[in-house]
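Source file: run-v6.cif. Holds: mmCIF, N, CA and C atoms.
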data_input
loop_
_atom_site.label_atom_id
_atom_site.label_comp_id
_atom_site.auth_asym_id
_atom_site.auth_seq_id
_atom_site.Cartn_x
_atom_site.Cartn_y
_atom_site.Cartn_z
N LYS A 1 -54.33 -54.59 -72.31
CA LYS A 1 -54.29 -55.55 -73.42
C LYS A 1 -54.06 -54.82 -74.74
N ARG A 2 -54.78 -53.74 -74.93
CA ARG A 2 -54.66 -52.99 -76.18
C ARG A 2 -53.27 -52.35 -76.32
N ALA A 3 -52.76 -51.82 -75.21
CA ALA A 3 -51.42 -51.22 -75.22
C ALA A 3 -50.36 -52.28 -75.53
N GLN A 4 -50.56 -53.46 -75.00
CA GLN A 4 -49.62 -54.55 -75.27
C GLN A 4 -49.64 -54.92 -76.76
N GLN A 5 -50.80 -54.96 -77.37
CA GLN A 5 -50.92 -55.27 -78.79
C GLN A 5 -50.22 -54.21 -79.65
N ARG A 6 -50.40 -52.94 -79.26
CA ARG A 6 -49.73 -51.85 -80.00
C ARG A 6 -48.21 -51.96 -79.87
N LEU A 7 -47.76 -52.27 -78.66
CA LEU A 7 -46.32 -52.43 -78.43
C LEU A 7 -45.76 -53.58 -79.26
N LEU A 8 -46.46 -54.69 -79.30
CA LEU A 8 -46.01 -55.84 -80.09
C LEU A 8 -46.00 -55.51 -81.59
N ALA A 9 -47.01 -54.79 -82.06
CA ALA A 9 -47.06 -54.39 -83.47
C ALA A 9 -45.90 -53.46 -83.80
N TRP A 10 -45.64 -52.50 -82.91
CA TRP A 10 -44.51 -51.58 -83.12
C TRP A 10 -43.18 -52.36 -83.14
N ALA A 11 -43.00 -53.30 -82.20
CA ALA A 11 -41.76 -54.09 -82.15
C ALA A 11 -41.59 -54.90 -83.44
N ALA A 12 -42.68 -55.45 -83.95
CA ALA A 12 -42.61 -56.22 -85.20
C ALA A 12 -42.18 -55.32 -86.36
N GLU A 13 -42.67 -54.10 -86.40
CA GLU A 13 -42.28 -53.15 -87.45
C GLU A 13 -40.80 -52.81 -87.35
N VAL A 14 -40.32 -52.57 -86.14
CA VAL A 14 -38.91 -52.23 -85.94
C VAL A 14 -38.03 -53.40 -86.38
N ILE A 15 -38.38 -54.60 -85.99
CA ILE A 15 -37.59 -55.78 -86.37
C ILE A 15 -37.59 -55.95 -87.88
N GLU A 16 -38.75 -55.81 -88.51
CA GLU A 16 -38.84 -55.95 -89.97
C GLU A 16 -37.98 -54.90 -90.68
N ALA A 17 -38.02 -53.67 -90.20
CA ALA A 17 -37.21 -52.61 -90.80
C ALA A 17 -35.72 -52.89 -90.63
N ALA A 18 -35.33 -53.33 -89.44
CA ALA A 18 -33.92 -53.65 -89.19
C ALA A 18 -33.45 -54.80 -90.08
N GLN A 19 -34.28 -55.82 -90.23
CA GLN A 19 -33.90 -56.95 -91.08
C GLN A 19 -33.79 -56.51 -92.55
N GLY A 20 -34.66 -55.62 -92.97
CA GLY A 20 -34.58 -55.09 -94.33
C GLY A 20 -33.28 -54.34 -94.57
N ARG A 21 -32.88 -53.54 -93.62
CA ARG A 21 -31.62 -52.80 -93.74
C ARG A 21 -30.43 -53.75 -93.74
N GLN A 22 -30.49 -54.78 -92.93
CA GLN A 22 -29.41 -55.78 -92.91
C GLN A 22 -29.26 -56.41 -94.28
N ARG A 23 -30.38 -56.81 -94.88
CA ARG A 23 -30.33 -57.44 -96.21
C ARG A 23 -29.78 -56.46 -97.25
N GLU A 24 -30.26 -55.22 -97.22
CA GLU A 24 -29.80 -54.21 -98.17
C GLU A 24 -28.30 -54.00 -98.11
N ARG A 25 -27.76 -54.03 -96.92
CA ARG A 25 -26.33 -53.76 -96.72
C ARG A 25 -25.48 -55.01 -96.75
N GLY A 26 -26.11 -56.18 -96.87
CA GLY A 26 -25.36 -57.42 -96.91
C GLY A 26 -24.80 -57.84 -95.56
N TRP A 27 -25.41 -57.35 -94.50
CA TRP A 27 -24.95 -57.70 -93.16
C TRP A 27 -25.51 -59.06 -92.77
N LEU A 28 -24.74 -59.82 -92.02
CA LEU A 28 -25.18 -61.11 -91.52
C LEU A 28 -25.31 -61.08 -90.01
N THR A 29 -26.30 -61.76 -89.52
CA THR A 29 -26.44 -61.91 -88.07
C THR A 29 -25.66 -63.14 -87.64
N MET A 30 -25.52 -63.31 -86.34
CA MET A 30 -24.86 -64.50 -85.83
C MET A 30 -25.59 -65.76 -86.30
N ASN A 31 -26.89 -65.70 -86.30
CA ASN A 31 -27.69 -66.83 -86.78
C ASN A 31 -27.41 -67.11 -88.25
N ASP A 32 -27.29 -66.06 -89.07
CA ASP A 32 -26.98 -66.24 -90.50
C ASP A 32 -25.64 -66.95 -90.70
N LEU A 33 -24.68 -66.65 -89.82
CA LEU A 33 -23.35 -67.27 -89.94
C LEU A 33 -23.41 -68.78 -89.71
N LEU A 34 -24.45 -69.24 -89.08
CA LEU A 34 -24.64 -70.68 -88.88
C LEU A 34 -25.55 -71.27 -89.95
N THR A 35 -26.66 -70.59 -90.25
CA THR A 35 -27.65 -71.17 -91.15
C THR A 35 -27.27 -71.10 -92.63
N GLU A 36 -26.56 -70.07 -93.05
CA GLU A 36 -26.19 -69.97 -94.46
C GLU A 36 -25.21 -71.07 -94.89
N PRO A 37 -24.14 -71.32 -94.12
CA PRO A 37 -23.27 -72.45 -94.49
C PRO A 37 -24.02 -73.79 -94.46
N LEU A 38 -24.90 -73.96 -93.50
CA LEU A 38 -25.68 -75.19 -93.41
C LEU A 38 -26.57 -75.35 -94.64
N ARG A 39 -27.21 -74.27 -95.04
CA ARG A 39 -28.05 -74.30 -96.25
C ARG A 39 -27.23 -74.70 -97.47
N LEU A 40 -26.05 -74.11 -97.60
CA LEU A 40 -25.17 -74.42 -98.73
C LEU A 40 -24.73 -75.89 -98.71
N LEU A 41 -24.32 -76.37 -97.55
CA LEU A 41 -23.87 -77.76 -97.44
C LEU A 41 -24.98 -78.74 -97.76
N ARG A 42 -26.19 -78.39 -97.41
CA ARG A 42 -27.33 -79.28 -97.68
C ARG A 42 -27.79 -79.22 -99.13
N SER A 43 -27.61 -78.08 -99.77
CA SER A 43 -28.17 -77.90 -101.12
C SER A 43 -27.18 -78.10 -102.24
N ASP A 44 -25.89 -78.09 -101.95
CA ASP A 44 -24.89 -78.17 -103.01
C ASP A 44 -23.90 -79.30 -102.72
N PRO A 45 -24.10 -80.46 -103.33
CA PRO A 45 -23.23 -81.61 -103.06
C PRO A 45 -21.76 -81.33 -103.38
N LEU A 46 -21.48 -80.57 -104.42
CA LEU A 46 -20.09 -80.26 -104.77
C LEU A 46 -19.44 -79.42 -103.67
N ALA A 47 -20.12 -78.39 -103.23
CA ALA A 47 -19.59 -77.55 -102.14
C ALA A 47 -19.38 -78.40 -100.89
N ARG A 48 -20.34 -79.26 -100.59
CA ARG A 48 -20.23 -80.13 -99.41
C ARG A 48 -19.00 -81.02 -99.52
N ASP A 49 -18.78 -81.62 -100.68
CA ASP A 49 -17.62 -82.50 -100.86
C ASP A 49 -16.30 -81.74 -100.75
N ILE A 50 -16.26 -80.53 -101.31
CA ILE A 50 -15.04 -79.72 -101.24
C ILE A 50 -14.72 -79.36 -99.79
N VAL A 51 -15.73 -78.88 -99.07
CA VAL A 51 -15.50 -78.46 -97.68
C VAL A 51 -15.12 -79.66 -96.83
N ARG A 52 -15.85 -80.75 -96.98
CA ARG A 52 -15.53 -81.93 -96.18
C ARG A 52 -14.15 -82.47 -96.51
N GLY A 53 -13.73 -82.34 -97.75
CA GLY A 53 -12.40 -82.80 -98.15
C GLY A 53 -11.29 -81.97 -97.53
N GLU A 54 -11.57 -80.72 -97.25
CA GLU A 54 -10.57 -79.82 -96.66
C GLU A 54 -10.50 -79.95 -95.14
N LEU A 55 -11.61 -80.33 -94.53
CA LEU A 55 -11.66 -80.39 -93.07
C LEU A 55 -11.37 -81.81 -92.60
N ARG A 56 -10.33 -81.94 -91.81
CA ARG A 56 -9.99 -83.26 -91.29
C ARG A 56 -10.10 -83.32 -89.77
N HIS A 57 -9.85 -82.20 -89.12
CA HIS A 57 -9.84 -82.14 -87.65
C HIS A 57 -10.51 -80.85 -87.21
N ALA A 58 -11.16 -80.90 -86.06
CA ALA A 58 -11.75 -79.68 -85.51
C ALA A 58 -11.85 -79.79 -83.99
N VAL A 59 -11.72 -78.65 -83.35
CA VAL A 59 -11.94 -78.53 -81.91
C VAL A 59 -13.02 -77.49 -81.72
N VAL A 60 -14.03 -77.83 -80.94
CA VAL A 60 -15.11 -76.90 -80.62
C VAL A 60 -15.01 -76.58 -79.14
N ASP A 61 -14.67 -75.34 -78.85
CA ASP A 61 -14.56 -74.91 -77.46
C ASP A 61 -15.91 -74.37 -77.00
N GLU A 62 -16.12 -74.38 -75.70
CA GLU A 62 -17.37 -73.88 -75.10
C GLU A 62 -18.58 -74.63 -75.66
N PHE A 63 -18.44 -75.92 -75.84
CA PHE A 63 -19.51 -76.72 -76.43
C PHE A 63 -20.81 -76.63 -75.63
N GLN A 64 -20.70 -76.39 -74.36
CA GLN A 64 -21.91 -76.30 -73.53
C GLN A 64 -22.78 -75.11 -73.96
N ASP A 65 -22.22 -74.19 -74.73
CA ASP A 65 -22.96 -73.00 -75.14
C ASP A 65 -23.50 -73.07 -76.56
N VAL A 66 -23.29 -74.18 -77.26
CA VAL A 66 -23.77 -74.25 -78.65
C VAL A 66 -25.28 -74.42 -78.68
N ASN A 67 -25.87 -74.04 -79.79
CA ASN A 67 -27.31 -74.22 -79.98
C ASN A 67 -27.55 -75.29 -81.04
N GLN A 68 -28.81 -75.54 -81.34
CA GLN A 68 -29.15 -76.60 -82.29
C GLN A 68 -28.57 -76.31 -83.68
N ALA A 69 -28.57 -75.06 -84.10
CA ALA A 69 -28.02 -74.72 -85.42
C ALA A 69 -26.54 -75.06 -85.49
N THR A 70 -25.81 -74.83 -84.42
CA THR A 70 -24.38 -75.17 -84.38
C THR A 70 -24.19 -76.68 -84.49
N VAL A 71 -25.00 -77.44 -83.77
CA VAL A 71 -24.90 -78.90 -83.83
C VAL A 71 -25.21 -79.39 -85.25
N LEU A 72 -26.23 -78.84 -85.87
CA LEU A 72 -26.57 -79.24 -87.24
C LEU A 72 -25.44 -78.93 -88.21
N LEU A 73 -24.81 -77.77 -88.04
CA LEU A 73 -23.68 -77.42 -88.90
C LEU A 73 -22.51 -78.37 -88.68
N LEU A 74 -22.21 -78.67 -87.44
CA LEU A 74 -21.13 -79.62 -87.16
C LEU A 74 -21.42 -81.00 -87.75
N GLU A 75 -22.67 -81.44 -87.66
CA GLU A 75 -23.04 -82.73 -88.24
C GLU A 75 -22.91 -82.71 -89.76
N ALA A 76 -23.23 -81.57 -90.38
CA ALA A 76 -23.09 -81.46 -91.83
C ALA A 76 -21.62 -81.45 -92.25
N LEU A 77 -20.78 -80.83 -91.45
CA LEU A 77 -19.35 -80.76 -91.76
C LEU A 77 -18.63 -82.07 -91.41
N PHE A 78 -19.04 -82.68 -90.31
CA PHE A 78 -18.37 -83.88 -89.80
C PHE A 78 -19.41 -84.98 -89.54
N PRO A 79 -19.96 -85.58 -90.59
CA PRO A 79 -21.00 -86.58 -90.37
C PRO A 79 -20.44 -87.78 -89.60
N PRO A 80 -21.21 -88.31 -88.66
CA PRO A 80 -20.74 -89.42 -87.84
C PRO A 80 -20.26 -90.63 -88.64
N GLU A 81 -20.90 -90.89 -89.77
CA GLU A 81 -20.51 -92.07 -90.57
C GLU A 81 -19.11 -91.96 -91.17
N ARG A 82 -18.53 -90.77 -91.16
CA ARG A 82 -17.17 -90.58 -91.68
C ARG A 82 -16.13 -90.68 -90.58
N SER A 83 -16.55 -91.02 -89.36
CA SER A 83 -15.65 -91.12 -88.21
C SER A 83 -14.76 -89.89 -88.08
N PRO A 84 -15.36 -88.73 -87.86
CA PRO A 84 -14.60 -87.49 -87.84
C PRO A 84 -13.66 -87.40 -86.64
N ASP A 85 -12.63 -86.61 -86.83
CA ASP A 85 -11.71 -86.28 -85.74
C ASP A 85 -12.17 -84.96 -85.17
N LEU A 86 -13.20 -85.03 -84.34
CA LEU A 86 -13.86 -83.85 -83.80
C LEU A 86 -13.77 -83.92 -82.28
N THR A 87 -13.21 -82.87 -81.69
CA THR A 87 -13.08 -82.80 -80.24
C THR A 87 -13.90 -81.63 -79.73
N VAL A 88 -14.69 -81.88 -78.70
CA VAL A 88 -15.47 -80.80 -78.09
C VAL A 88 -15.00 -80.61 -76.67
N VAL A 89 -14.96 -79.36 -76.25
CA VAL A 89 -14.49 -78.99 -74.91
C VAL A 89 -15.59 -78.18 -74.24
N GLY A 90 -15.85 -78.46 -72.98
CA GLY A 90 -16.81 -77.66 -72.23
C GLY A 90 -18.15 -78.31 -72.12
#
Take the structure I supplied and represent it as structure tokens, if you would.
Amino acid sequence: KRAQQRLLAWAAEVIEAAQGRQRERGWLTMNDLLTEPLRLLRSDPLARDIVRGELRHAVVDEFQDVNQATVLLLEALFPPERSPDLTVVG
């Protein structure tokens, strides 16, 4: 039990250090590539209107592999009430 706690504490330190280096260098994770645009679309109505005005059609391949963040981003980009031209495959 004690060894497991030490291992978990060490893993938490490694993850925290890696995330700090990512921020310092401006690196984005795959998760960031989904959550940052979603944050912007939710917080900035002008940006949301500009992006939605540019996007008219989209195809999402491998839809069976998307996660909740991807679905939320798609909903923010192509809200159902706008009757989007959105095709999903897979």
Run the PyMOL selection byres (((chain A and resi 63-79 and name CA) around 9) and name CA) mentally over the shown coordinates, then write out the matched residues as a VMD selection string, using the chain letters and numbers from the document. chain A and resid 31 34 to 35 37 to 38 41 to 42 48 51 to 52 55 to 58 60 to 62 80 to 86 88 to 90
How about saving the chosen residues, N, CA and C atoms kept, as a short mmCIF file (atom, residue, chain, number, x, y, z; two decimals), in the coordinates of the input?
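Result went into selection-v2.cif, see below:
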data_model
loop_
_atom_site.label_atom_id
_atom_site.label_comp_id
_atom_site.auth_asym_id
_atom_site.auth_seq_id
_atom_site.Cartn_x
_atom_site.Cartn_y
_atom_site.Cartn_z
N ASN A 31 -26.89 -65.70 -86.30
CA ASN A 31 -27.69 -66.83 -86.78
C ASN A 31 -27.41 -67.11 -88.25
N LEU A 34 -24.45 -69.24 -89.08
CA LEU A 34 -24.64 -70.68 -88.88
C LEU A 34 -25.55 -71.27 -89.95
N THR A 35 -26.66 -70.59 -90.25
CA THR A 35 -27.65 -71.17 -91.15
C THR A 35 -27.27 -71.10 -92.63
N PRO A 37 -24.14 -71.32 -94.12
CA PRO A 37 -23.27 -72.45 -94.49
C PRO A 37 -24.02 -73.79 -94.46
N LEU A 38 -24.90 -73.96 -93.50
CA LEU A 38 -25.68 -75.19 -93.41
C LEU A 38 -26.57 -75.35 -94.64
N LEU A 41 -24.32 -76.37 -97.55
CA LEU A 41 -23.87 -77.76 -97.44
C LEU A 41 -24.98 -78.74 -97.76
N ARG A 42 -26.19 -78.39 -97.41
CA ARG A 42 -27.33 -79.28 -97.68
C ARG A 42 -27.79 -79.22 -99.13
N ARG A 48 -20.34 -79.26 -100.59
CA ARG A 48 -20.23 -80.13 -99.41
C ARG A 48 -19.00 -81.02 -99.52
N VAL A 51 -15.73 -78.88 -99.07
CA VAL A 51 -15.50 -78.46 -97.68
C VAL A 51 -15.12 -79.66 -96.83
N ARG A 52 -15.85 -80.75 -96.98
CA ARG A 52 -15.53 -81.93 -96.18
C ARG A 52 -14.15 -82.47 -96.51
N LEU A 55 -11.61 -80.33 -94.53
CA LEU A 55 -11.66 -80.39 -93.07
C LEU A 55 -11.37 -81.81 -92.60
N ARG A 56 -10.33 -81.94 -91.81
CA ARG A 56 -9.99 -83.26 -91.29
C ARG A 56 -10.10 -83.32 -89.77
N HIS A 57 -9.85 -82.20 -89.12
CA HIS A 57 -9.84 -82.14 -87.65
C HIS A 57 -10.51 -80.85 -87.21
N ALA A 58 -11.16 -80.90 -86.06
CA ALA A 58 -11.75 -79.68 -85.51
C ALA A 58 -11.85 -79.79 -83.99
N VAL A 60 -14.03 -77.83 -80.94
CA VAL A 60 -15.11 -76.90 -80.62
C VAL A 60 -15.01 -76.58 -79.14
N ASP A 61 -14.67 -75.34 -78.85
CA ASP A 61 -14.56 -74.91 -77.46
C ASP A 61 -15.91 -74.37 -77.00
N GLU A 62 -16.12 -74.38 -75.70
CA GLU A 62 -17.37 -73.88 -75.10
C GLU A 62 -18.58 -74.63 -75.66
N PRO A 80 -21.21 -88.31 -88.66
CA PRO A 80 -20.74 -89.42 -87.84
C PRO A 80 -20.26 -90.63 -88.64
N GLU A 81 -20.90 -90.89 -89.77
CA GLU A 81 -20.51 -92.07 -90.57
C GLU A 81 -19.11 -91.96 -91.17
N ARG A 82 -18.53 -90.77 -91.16
CA ARG A 82 -17.17 -90.58 -91.68
C ARG A 82 -16.13 -90.68 -90.58
N SER A 83 -16.55 -91.02 -89.36
CA SER A 83 -15.65 -91.12 -88.21
C SER A 83 -14.76 -89.89 -88.08
N PRO A 84 -15.36 -88.73 -87.86
CA PRO A 84 -14.60 -87.49 -87.84
C PRO A 84 -13.66 -87.40 -86.64
N ASP A 85 -12.63 -86.61 -86.83
CA ASP A 85 -11.71 -86.28 -85.74
C ASP A 85 -12.17 -84.96 -85.17
N LEU A 86 -13.20 -85.03 -84.34
CA LEU A 86 -13.86 -83.85 -83.80
C LEU A 86 -13.77 -83.92 -82.28
N VAL A 88 -14.69 -81.88 -78.70
CA VAL A 88 -15.47 -80.80 -78.09
C VAL A 88 -15.00 -80.61 -76.67
N VAL A 89 -14.96 -79.36 -76.25
CA VAL A 89 -14.49 -78.99 -74.91
C VAL A 89 -15.59 -78.18 -74.24
N GLY A 90 -15.85 -78.46 -72.98
CA GLY A 90 -16.81 -77.66 -72.23
C GLY A 90 -18.15 -78.31 -72.12
#
Kindly give the distance, in Å, that separates CA of Glu13 in chain A and CA of Met30 in chain A, rounded to a single decimal.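 Interatomic distance here is 20.9 Å.
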Starting from 5 Å padding per side, set up an axis-aligned box that covers all listed atoms of range 49-56 of chain A and hand over centre and edge lengths in Å, one decimal, as lines of an AutoDock Vina configuration file.
center_x = -14.4
center_y = -80.9
center_z = -95.5
size_x = 18.8
size_y = 14.9
size_z = 21.5
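CA of Leu40 in chain A sits 17.9 Å away from CA of Arg23 in chain A.
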In Å, how far is it from atom C of Glu36 in chain A to atom C of Ile50 in chain A?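 Atom C of Glu36 in chain A sits 14.2 Å away from atom C of Ile50 in chain A.
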Can you list every residue in chain A that DSSP puts in helix (DSSP H, G or I), as a ChimeraX atom specification? /A:2-25,30-43,45-54,63-65,68-77,80-82
Write out as a list in words all residues of chain A that DSSP puts in strand (DSSP E or B) for this structure's backbone.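 Written out, the strand (DSSP E or B) residues of chain A are His57, Ala58, Val59, Val60, Asp85, Leu86, Thr87 and Val88 of chain A.
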